[in-house]
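A.B. asks: Dropping in input24.cif, which is mmCIF, C-alpha atoms:
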data_start
loop_
_atom_site.label_atom_id
_atom_site.label_comp_id
_atom_site.auth_asym_id
_atom_site.auth_seq_id
_atom_site.Cartn_x
_atom_site.Cartn_y
_atom_site.Cartn_z
CA MET A 1 12.31 -16.87 1.19
CA ALA A 2 14.48 -17.83 4.15
CA VAL A 3 11.92 -16.59 6.64
CA GLY A 4 8.34 -17.54 7.38
CA GLY A 5 5.41 -15.97 5.58
CA LEU A 6 4.26 -12.51 6.53
CA ARG A 7 1.15 -13.95 8.15
CA GLU A 8 3.41 -15.42 10.83
CA VAL A 9 2.82 -12.37 13.02
CA GLU A 10 -0.92 -13.04 13.06
CA ASP A 11 -0.26 -15.91 15.48
CA PRO A 12 -2.28 -15.03 18.63
CA ARG A 13 0.81 -15.56 20.78
CA PHE A 14 2.28 -12.35 19.35
CA ARG A 15 0.95 -8.84 19.84
CA PHE A 16 2.48 -5.87 18.07
CA ALA A 17 1.34 -2.26 17.91
CA LEU A 18 0.10 -1.01 14.55
CA ALA A 19 2.83 1.65 14.71
CA ASP A 20 5.45 -1.13 14.72
CA LEU A 21 3.78 -2.99 11.86
CA ARG A 22 3.57 0.12 9.68
CA ARG A 23 7.22 1.02 10.32
CA ARG A 24 8.99 -2.35 10.63
CA GLY A 25 6.71 -4.52 8.52
CA ARG A 26 5.39 -8.00 9.26
CA TYR A 27 8.55 -10.12 9.42
CA LEU A 28 8.75 -11.50 12.94
CA PRO A 29 12.54 -11.04 13.43
CA ALA A 30 12.24 -7.39 12.33
CA LEU A 31 9.38 -6.82 14.78
CA GLN A 32 11.41 -8.37 17.59
CA ALA A 33 14.59 -6.37 16.86
CA PRO A 34 15.60 -3.94 19.66
CA THR A 35 15.48 -0.85 17.41
CA TYR A 36 13.97 0.20 14.09
CA ASP A 37 17.40 0.47 12.51
CA ARG A 38 18.32 -3.04 13.68
CA ALA A 39 15.08 -4.26 12.11
CA ALA A 40 16.12 -2.65 8.81
CA GLU A 41 19.56 -4.23 9.14
CA TRP A 42 17.99 -7.67 9.49
CA ILE A 43 15.85 -7.11 6.39
CA GLY A 44 18.93 -5.99 4.47
CA ASP A 45 20.91 -9.06 5.51
CA GLN A 46 18.20 -11.72 5.25
CA VAL A 47 15.53 -10.56 2.80
CA LEU A 48 17.16 -8.34 0.17
CA PRO A 49 19.66 -10.99 -1.05
CA GLN A 50 16.79 -13.39 -1.77
CA LEU A 51 14.48 -11.09 -3.71
CA PRO A 52 13.60 -12.59 -7.11
CA ALA A 53 15.27 -10.86 -10.04
CA LEU A 54 14.77 -13.24 -13.00
CA PHE A 55 18.16 -12.17 -14.30
CA ASP A 56 17.56 -13.33 -17.86
CA ASP A 57 14.68 -10.84 -18.09
CA LEU A 58 16.53 -7.77 -16.80
CA PRO A 59 17.42 -4.95 -19.19
CA THR A 60 21.09 -4.54 -20.09
CA GLY A 61 22.98 -2.79 -17.32
CA MET A 62 20.32 -3.39 -14.66
CA GLU A 63 20.84 -5.63 -11.63
CA GLY A 64 18.31 -7.12 -9.24
CA PRO A 65 18.80 -4.47 -6.50
CA ASP A 66 18.26 -1.70 -9.08
CA LEU A 67 14.96 -3.25 -10.12
CA TRP A 68 13.66 -3.59 -6.58
CA ALA A 69 14.72 -0.04 -5.74
CA GLU A 70 12.62 1.11 -8.70
CA LEU A 71 9.66 -0.98 -7.48
CA ALA A 72 9.98 0.68 -4.06
CA ARG A 73 10.10 4.17 -5.56
CA SER A 74 6.99 3.27 -7.59
CA HIS A 75 5.09 1.74 -4.66
CA ALA A 76 1.29 2.24 -4.95
CA GLU A 77 1.46 3.38 -8.57
CA TRP A 78 -0.15 1.95 -11.71
CA SER A 79 1.56 -1.04 -13.30
CA HIS A 80 1.93 0.34 -16.83
CA GLY A 81 4.04 3.26 -15.59
CA ILE A 82 6.17 1.03 -13.39
CA GLN A 83 6.80 -1.40 -16.23
CA LYS A 84 7.93 1.40 -18.55
CA ARG A 85 10.27 2.91 -15.95
CA SER A 86 11.75 -0.53 -15.23
CA ARG A 87 12.65 -0.90 -18.92
CA MET A 88 11.53 -4.53 -18.71
CA ARG A 89 9.53 -6.17 -21.48
CA ARG A 90 5.86 -6.53 -20.58
CA ASP A 91 5.99 -10.34 -20.46
CA ALA A 92 9.11 -10.28 -18.27
CA PHE A 93 7.57 -7.72 -15.93
CA ASP A 94 4.41 -9.84 -15.62
CA ARG A 95 6.53 -12.89 -14.75
CA LEU A 96 8.33 -10.96 -12.03
CA VAL A 97 5.05 -9.76 -10.51
CA THR A 98 3.57 -13.27 -10.57
CA VAL A 99 6.62 -14.83 -8.90
CA SER A 100 6.75 -12.04 -6.32
CA GLU A 101 3.05 -12.41 -5.53
CA GLN A 102 3.57 -16.11 -4.91
CA GLN A 103 6.28 -15.21 -2.40
CA ASP A 104 4.06 -12.54 -0.75
CA LEU A 105 6.44 -9.75 -1.75
CA LEU A 106 4.17 -7.81 -4.12
CA TYR A 107 0.42 -7.61 -4.52
CA ARG A 108 -1.66 -6.10 -7.26
CA LEU A 109 -4.89 -4.23 -6.74
CA PRO A 110 -6.94 -4.47 -9.96
CA ARG A 111 -9.07 -1.70 -11.41
CA TRP A 112 -12.77 -1.93 -10.51
CA SER A 113 -15.12 -2.84 -13.34
CA GLU A 114 -18.89 -3.12 -13.69
CA PRO A 115 -20.35 -6.45 -12.48
CA GLY A 116 -20.60 -8.84 -15.39
CA CYS A 117 -18.08 -6.88 -17.45
CA GLU A 118 -14.65 -8.18 -18.31
CA ARG A 119 -12.13 -6.73 -15.89
CA GLY A 120 -10.18 -3.89 -17.45
CA GLU A 121 -6.43 -4.00 -17.81
CA GLY A 122 -4.22 -2.33 -15.27
CA TYR A 123 -3.62 -2.56 -11.59
CA LYS A 124 -1.86 -0.71 -8.81
CA LEU A 125 1.22 -2.46 -7.51
CA TYR A 126 2.31 -2.49 -3.88
CA LEU A 127 5.20 -3.98 -1.94
CA THR A 128 3.54 -6.16 0.65
CA ASP A 129 5.84 -5.45 3.57
CA PRO A 130 6.41 -1.87 4.84
CA GLY A 131 9.73 -2.76 6.44
CA LEU A 132 11.05 -4.07 3.13
CA LEU A 133 9.76 -0.96 1.35
CA HIS A 134 11.50 1.37 3.80
CA ARG A 135 14.76 -0.60 3.61
CA LEU A 136 14.76 -0.43 -0.19
CA LEU A 137 14.19 3.33 0.05
CA ALA A 138 17.10 3.59 2.52
CA TRP A 139 15.01 5.26 5.23
CA ASP A 140 16.59 5.05 8.64
CA ASP A 141 14.52 5.89 11.71
CA ARG A 142 15.44 9.59 11.73
CA MET A 143 14.63 10.06 8.06
CA TYR A 144 11.35 8.13 8.34
CA HIS A 145 10.07 10.50 11.01
CA SER A 146 11.67 13.81 9.98
CA GLY A 147 12.38 13.57 6.26
CA PRO A 148 15.63 14.14 4.36
CA SER A 149 18.04 16.91 5.29
CA GLY A 150 20.44 18.81 3.09
CA THR A 151 18.37 18.30 -0.07
CA GLY A 152 16.28 20.56 -2.27
CA PRO A 153 12.52 21.13 -2.12
CA ALA A 154 11.81 18.65 -4.92
CA GLN A 155 13.52 15.79 -3.05
CA VAL A 156 11.77 16.72 0.20
CA ASN A 157 8.39 16.82 -1.52
CA ARG A 158 9.07 13.47 -3.17
CA PHE A 159 9.94 11.94 0.19
CA TRP A 160 6.66 13.01 1.80
CA GLN A 161 4.74 11.75 -1.21
CA GLN A 162 6.42 8.37 -0.73
CA ARG A 163 5.61 8.47 3.00
CA ASP A 164 1.95 8.99 2.07
CA LYS A 165 2.14 6.06 -0.36
CA SER A 166 3.75 3.92 2.37
CA TRP A 167 0.78 4.69 4.65
CA GLU A 168 -1.69 3.98 1.85
CA GLY A 169 -0.11 0.61 1.12
CA PHE A 170 -0.05 -0.36 4.79
CA VAL A 171 -3.72 0.49 5.26
CA VAL A 172 -4.87 -1.13 2.02
CA SER A 173 -2.93 -4.37 2.60
CA SER A 174 -4.03 -4.55 6.24
CA LEU A 175 -7.71 -4.11 5.35
CA ILE A 176 -7.50 -6.70 2.56
CA ARG A 177 -5.96 -9.19 4.99
CA ALA A 178 -8.65 -8.42 7.56
CA ALA A 179 -11.43 -8.87 4.99
CA GLY A 180 -10.27 -12.38 4.13
CA PRO A 181 -9.92 -14.33 0.87
CA GLY A 182 -13.64 -14.33 0.06
CA VAL A 183 -13.81 -10.55 -0.43
CA LYS A 184 -13.04 -8.95 -3.80
CA ALA A 185 -10.68 -5.97 -3.48
CA THR A 186 -10.25 -3.39 -6.26
CA VAL A 187 -9.44 0.29 -6.81
CA TRP A 188 -11.95 2.60 -8.51
CA GLU A 189 -10.36 5.03 -10.96
CA ALA A 190 -11.59 8.16 -12.68
CA ASN A 191 -9.82 11.01 -14.44
CA PRO A 192 -8.49 12.60 -12.35
CA GLY A 193 -8.42 10.57 -9.15
CA GLU A 194 -9.49 7.32 -7.57
CA ILE A 195 -11.06 5.70 -4.53
CA ASP A 196 -8.23 3.77 -2.92
CA LEU A 197 -10.04 0.55 -2.01
CA ILE A 198 -13.36 -1.06 -2.92
CA LEU A 199 -14.27 -4.11 -0.82
CA ASP A 200 -17.05 -6.27 -2.25
CA TRP A 201 -18.56 -9.01 -0.08
CA GLY A 202 -21.08 -9.90 -2.79
CA ARG A 203 -23.98 -8.89 -0.59
CA GLU A 204 -22.52 -5.43 0.15
CA THR A 205 -19.76 -3.11 -1.07
CA TRP A 206 -17.71 -0.51 0.84
CA ALA A 207 -15.74 2.40 -0.65
CA ILE A 208 -12.63 3.34 1.35
CA GLU A 209 -10.34 6.36 1.02
CA VAL A 210 -6.96 6.58 2.78
CA THR A 211 -5.23 9.77 3.93
CA ARG A 212 -2.57 10.85 6.39
CA GLY A 213 -2.75 14.59 5.80
CA ARG A 214 -4.24 17.29 7.98
CA SER A 215 -6.91 17.92 5.34
CA LYS A 216 -8.71 15.84 2.75
CA ARG A 217 -10.25 17.44 -0.33
CA PHE A 218 -13.30 15.68 -1.74
CA ARG A 219 -14.30 16.04 -5.36
CA GLU A 220 -17.33 15.09 -7.42
CA MET A 221 -15.52 11.96 -8.59
CA HIS A 222 -15.67 10.56 -5.03
CA GLY A 223 -19.44 10.64 -5.19
CA GLU A 224 -19.32 9.21 -8.70
CA GLY A 225 -17.21 6.28 -7.49
CA HIS A 226 -19.43 5.74 -4.46
CA ARG A 227 -22.52 5.54 -6.68
CA ALA A 228 -20.88 3.47 -9.45
CA THR A 229 -19.68 0.76 -7.06
CA GLY A 230 -23.00 0.64 -5.19
CA ALA A 231 -21.29 1.26 -1.86
CA ALA A 232 -23.74 0.78 1.01
CA ARG A 233 -21.95 2.79 3.70
CA PRO A 234 -20.78 6.40 3.53
CA ILE A 235 -17.30 6.89 2.10
CA MET A 236 -15.01 5.40 4.76
CA LEU A 237 -12.03 7.73 5.26
CA VAL A 238 -9.19 5.99 7.09
CA PHE A 239 -6.89 8.62 8.58
CA ASP A 240 -3.57 8.53 10.41
CA ASP A 241 -4.28 8.98 14.11
CA GLU A 242 -0.69 10.15 14.59
CA VAL A 243 -1.67 13.20 12.50
CA GLY A 244 -5.29 13.57 13.64
CA VAL A 245 -8.75 13.76 12.11
CA PRO A 246 -8.40 15.66 8.84
CA ASP A 247 -10.37 18.72 7.84
CA LEU A 248 -12.87 17.54 5.22
CA ARG A 249 -12.85 19.99 2.33
CA GLY A 250 -15.63 19.91 -0.23
CA ALA A 251 -17.56 16.99 1.28
CA LEU A 252 -20.42 19.08 2.64
CA ARG A 253 -20.70 21.26 -0.45
CA LEU A 254 -20.83 18.21 -2.73
CA GLY A 255 -23.18 16.27 -0.48
CA HIS A 256 -20.75 13.42 0.20
CA ARG A 257 -21.39 11.34 3.30
CA VAL A 258 -18.06 10.57 4.98
CA GLU A 259 -17.26 8.31 7.92
CA CYS A 260 -13.84 9.03 9.51
CA LEU A 261 -12.05 6.02 11.04
CA THR A 262 -8.64 5.26 12.48
CA VAL A 263 -6.95 2.20 10.98
CA ALA A 264 -7.72 0.22 14.16
CA GLN A 265 -11.41 1.12 13.88
CA ALA A 266 -11.45 0.29 10.16
CA LEU A 267 -9.82 -3.09 10.82
CA ARG A 268 -12.51 -3.96 13.37
CA GLU A 269 -15.26 -2.94 10.95
CA VAL A 270 -13.78 -4.92 8.06
CA ARG A 271 -13.20 -8.04 10.17
CA ALA A 272 -16.84 -7.94 11.27
CA GLY A 273 -18.03 -7.34 7.72
CA PRO A 274 -21.48 -6.21 6.61
#
Would you mind writing the file's structure down as structure tokens?
C.D. replies:
Amino acid sequence: MAVGGLREVEDPRFRFALADLRRRGRYLPALQAPTYDRAAEWIGDQVLPQLPALFDDLPTGMEGPDLWAELARSHAEWSHGIQKRSRMRRDAFDRLVTVSEQQDLLYRLPRWSEPGCERGEGYKLYLTDPGLLHRLLAWDDRMYHSGPSGTGPAQVNRFWQQRDKSWEGFVVSSLIRAAGPGVKATVWEANPGEIDLILDWGRETWAIEVTRGRSKRFREMHGEGHRATGAARPIMLVFDDEVGVPDLRGALRLGHRVECLTVAQALREVRAGP
């Protein structure tokens, strides 16, 4: 990449609001741009042309920008579905993910498995940088905040689903960075549903759910995941403070213990550790 690593903004000389990081991403020039749309313009000019494409591995008729647009649309989804929609061979798709991980463009969150058991196949795949994600999705500042106009209900619903996935990816990646390299991060999956992030320090495990809605419905599987992973704390629900504390539906009836945290509070907790 032509720019420094995403961790560049963690230099103590720089201070940026979480709202800027979640919207513009972690590239320093994008954070320093005078407007959100100028930040997106910089990403389009400087980052998009250098995204790895592995052209020999692309399906016939597909170009690098098409592939990365598909990865953005599939942000925070399971790898097997993304690979099928990309029309890439499995080995070629795996090479792309590996190269992109090395460049801090993508990261994979593996499925949780029992201690001592071989890790199961499958992982959720995220674009590392929110600003890059939003640029690939062609979200300008107005659309990011208000949604698309002049489109049908299906497109509007899809947009808000992607906005939720953008928030999920930002929170998950931020908490993993805050936890540090010694902490094992996974996602616990059941049918239907999942717990978005399991952080395992070895001596203690935390189960973390992410939401940005005005309500959060809890199901029996949340308790199942909490018990299976041996999580020591109540289920940590990280909510969007721009939306407000969500109404917890089903938690009391099912006996789930839930701890509601803003992302700033969750970051402080994870940095301190158990």
A.B. asks: Please write the residues picked by the PyMOL selection byres ((chain A and resi 253-256) around 12) on this file as a count of residues only.
C.D. replies: 24
A.B. asks: When you look at Val210 in chain A with a cut-off of 8 Å (counting all atoms listed in the file), what residues show up, excluding the ones that are within fewer than 2 positions of it in the same chain? I need them as a ChimeraX atom specification.
C.D. replies: /A:168,171,196,208,212,237-239
A.B. asks: Box for range 209-212 of chain A: with edges along x, y and z, all listed atoms inside and 3 Å added on each side, what are the centre and edge lengths in Å to one decimal, as lines of an AutoDock Vina configuration file?
C.D. replies:
center_x = -6.5
center_y = 8.6
center_z = 3.7
size_x = 13.8
size_y = 10.5
size_z = 11.4
A.B. asks: What is the distance, in Å and to one decimal place, between CA of Arg214 in chain A and CA of Asp164 in chain A?
C.D. replies: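 It comes out at 11.9 Å.
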A.B. asks: If you count only C-alpha atoms, which residues fall within 8 Å of Phe170 in chain A, apart from same-chain ones fewer than 2 positions away, as a list in words?
C.D. replies: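 Everything that qualifies: Arg22, Thr128, Asp129, Pro130, Ser166, Trp167, Glu168, Val172, Ser173 and Ser174 of chain A.
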A.B. asks: Deliver the residues from the most recent selection as a file, using C-alpha atoms, as a CSV table (one decimal), in the frame of the given file.
C.D. replies:
chain,number,residue,atom,x,y,z
A,22,ARG,CA,3.6,0.1,9.7
A,128,THR,CA,3.5,-6.2,0.6
A,129,ASP,CA,5.8,-5.4,3.6
A,130,PRO,CA,6.4,-1.9,4.8
A,166,SER,CA,3.8,3.9,2.4
A,167,TRP,CA,0.8,4.7,4.6
A,168,GLU,CA,-1.7,4.0,1.8
A,172,VAL,CA,-4.9,-1.1,2.0
A,173,SER,CA,-2.9,-4.4,2.6
A,174,SER,CA,-4.0,-4.6,6.2
A.B. asks: Pick the closest to Pro115 in chain A from A:Gly273, A:Gly44, A:Gly202, A:Pro49: which is it, counting only C-alpha atoms?
C.D. replies: A:Gly202
A.B. asks: Rank A:Tyr144, A:Trp201, A:Tyr107, A:Trp112 by their smallest atom-to-atom distance to Thr229 in chain A, using only C-alpha atoms, and report the top residue only.
C.D. replies: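 The closest residue to Thr229 in chain A is A:Trp112.
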A.B. asks: Measuring atom to atom with all atoms listed in the file, identify which of A:Ala76, A:Leu109, A:Val245, A:Leu28 is nearest to Gln161 in chain A.
C.D. replies: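 Checking each of A:Ala76, A:Leu109, A:Val245, A:Leu28 against Gln161 in chain A, counting all atoms listed in the file, the winner is A:Ala76.
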A.B. asks: Kindly give the distance, in Å, that separates CA of Leu18 in chain A and CA of Ala39 in chain A, rounded to a single decimal.
C.D. replies: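 Atom-to-atom, CA of Leu18 in chain A and CA of Ala39 in chain A are spaced 15.5 Å apart.
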A.B. asks: Can you pull out every residue within 10 Å of Pro110 in chain A, counting only C-alpha atoms, but drop anything in the same chain fewer than 6 positions away, and send it as a PyMOL selection string?
C.D. replies: chain A and resi 78-79+119-125+184-188+197
A.B. asks: Out of A:Phe93, A:Leu136, A:Ala179, A:Phe159, which residue has the shortest atom-to-atom distance to Pro65 in chain A when counting all atoms listed in the file?
C.D. replies: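 Of A:Phe93, A:Leu136, A:Ala179, A:Phe159, the one nearest Pro65 in chain A is A:Leu136, counting all atoms listed in the file.
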A.B. asks: Compare A:Glu63, A:His134, A:Glu114, A:Arg271 by their minimum atom-to-atom distance to Ala228 in chain A, counting all atoms listed in the file, and give me the closest one.
C.D. replies: A:Glu114
A.B. asks: Tell me, in Å to one decimal, how far CA of His80 in chain A is from CA of Asp94 in chain A.
C.D. replies: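 It comes out at 10.5 Å.
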A.B. asks: Once the PyMOL selection byres ((chain A and resi 87) around 10) has been evaluated on this model, what residues remain selected, and can you format them as a list in words?
C.D. replies: Leu58, Pro59, Thr60, Met62, Leu67, Ile82, Gln83, Lys84, Arg85, Ser86, Met88, Arg89, Arg90 and Phe93 of chain A
A.B. asks: Would you list the residues near (-7.0, 15.8, 11.3) (no more than 10 Å away, in the coordinates of the file, using only C-alpha atoms) as number ranges by chain?
C.D. replies: A: 211-216, 239-248, 260
A.B. asks: Of the candidates A:Leu54, A:Val263, A:Ala138, A:Leu133, which one gets nearest to Val97 in chain A if we count only C-alpha atoms?
C.D. replies: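 That would be A:Leu54, the residue with the smallest distance to Val97 in chain A.
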A.B. asks: The PyMOL selection byres ((chain A and resi 204) around 8) - which residues does that actually catch in the file I just gave you? List them as a count of residues only.
C.D. replies: 9
A.B. asks: N, CA, C and O atoms for range 247-262 of chain A, written as a tab-separated table (two decimals), in the frame of the given file, could you do that?
C.D. replies:
chain	number	residue	atom	x	y	z
A	247	ASP	N	-9.32	17.79	8.23
A	247	ASP	CA	-10.37	18.72	7.84
A	247	ASP	C	-10.93	18.26	6.50
A	247	ASP	O	-10.18	18.06	5.55
A	248	LEU	N	-12.24	18.04	6.43
A	248	LEU	CA	-12.87	17.54	5.22
A	248	LEU	C	-13.26	18.73	4.34
A	248	LEU	O	-14.15	19.51	4.69
A	249	ARG	N	-12.61	18.86	3.22
A	249	ARG	CA	-12.85	19.99	2.33
A	249	ARG	C	-13.69	19.54	1.13
A	249	ARG	O	-13.31	18.60	0.43
A	250	GLY	N	-14.79	20.19	0.92
A	250	GLY	CA	-15.63	19.91	-0.23
A	250	GLY	C	-16.70	18.87	-0.01
A	250	GLY	O	-17.64	18.77	-0.80
A	251	ALA	N	-16.59	18.08	1.07
A	251	ALA	CA	-17.56	16.99	1.28
A	251	ALA	C	-18.97	17.52	1.50
A	251	ALA	O	-19.93	17.04	0.89
A	252	LEU	N	-19.10	18.53	2.35
A	252	LEU	CA	-20.42	19.08	2.64
A	252	LEU	C	-21.02	19.76	1.42
A	252	LEU	O	-22.19	19.55	1.08
A	253	ARG	N	-20.22	20.53	0.73
A	253	ARG	CA	-20.70	21.26	-0.45
A	253	ARG	C	-21.18	20.31	-1.54
A	253	ARG	O	-22.18	20.57	-2.22
A	254	LEU	N	-20.48	19.16	-1.69
A	254	LEU	CA	-20.83	18.21	-2.73
A	254	LEU	C	-21.85	17.17	-2.27
A	254	LEU	O	-22.28	16.33	-3.05
A	255	GLY	N	-22.20	17.21	-0.99
A	255	GLY	CA	-23.18	16.27	-0.48
A	255	GLY	C	-22.65	14.87	-0.22
A	255	GLY	O	-23.42	13.91	-0.14
A	256	HIS	N	-21.33	14.73	-0.08
A	256	HIS	CA	-20.75	13.42	0.20
A	256	HIS	C	-20.93	13.06	1.68
A	256	HIS	O	-20.65	13.88	2.55
A	257	ARG	N	-21.35	11.85	1.93
A	257	ARG	CA	-21.39	11.34	3.30
A	257	ARG	C	-20.06	10.66	3.57
A	257	ARG	O	-19.63	9.78	2.83
A	258	VAL	N	-19.41	11.06	4.67
A	258	VAL	CA	-18.06	10.57	4.98
A	258	VAL	C	-18.04	10.07	6.41
A	258	VAL	O	-18.55	10.72	7.32
A	259	GLU	N	-17.41	8.93	6.60
A	259	GLU	CA	-17.26	8.31	7.92
A	259	GLU	C	-15.76	8.23	8.22
A	259	GLU	O	-15.03	7.49	7.55
A	260	CYS	N	-15.26	8.99	9.18
A	260	CYS	CA	-13.84	9.03	9.51
A	260	CYS	C	-13.49	7.93	10.52
A	260	CYS	O	-14.13	7.82	11.56
A	261	LEU	N	-12.45	7.15	10.20
A	261	LEU	CA	-12.05	6.02	11.04
A	261	LEU	C	-10.53	5.98	11.18
A	261	LEU	O	-9.81	6.26	10.21
A	262	THR	N	-10.05	5.61	12.36
A	262	THR	CA	-8.64	5.26	12.48
A	262	THR	C	-8.44	3.89	11.82
A	262	THR	O	-9.40	3.17	11.55
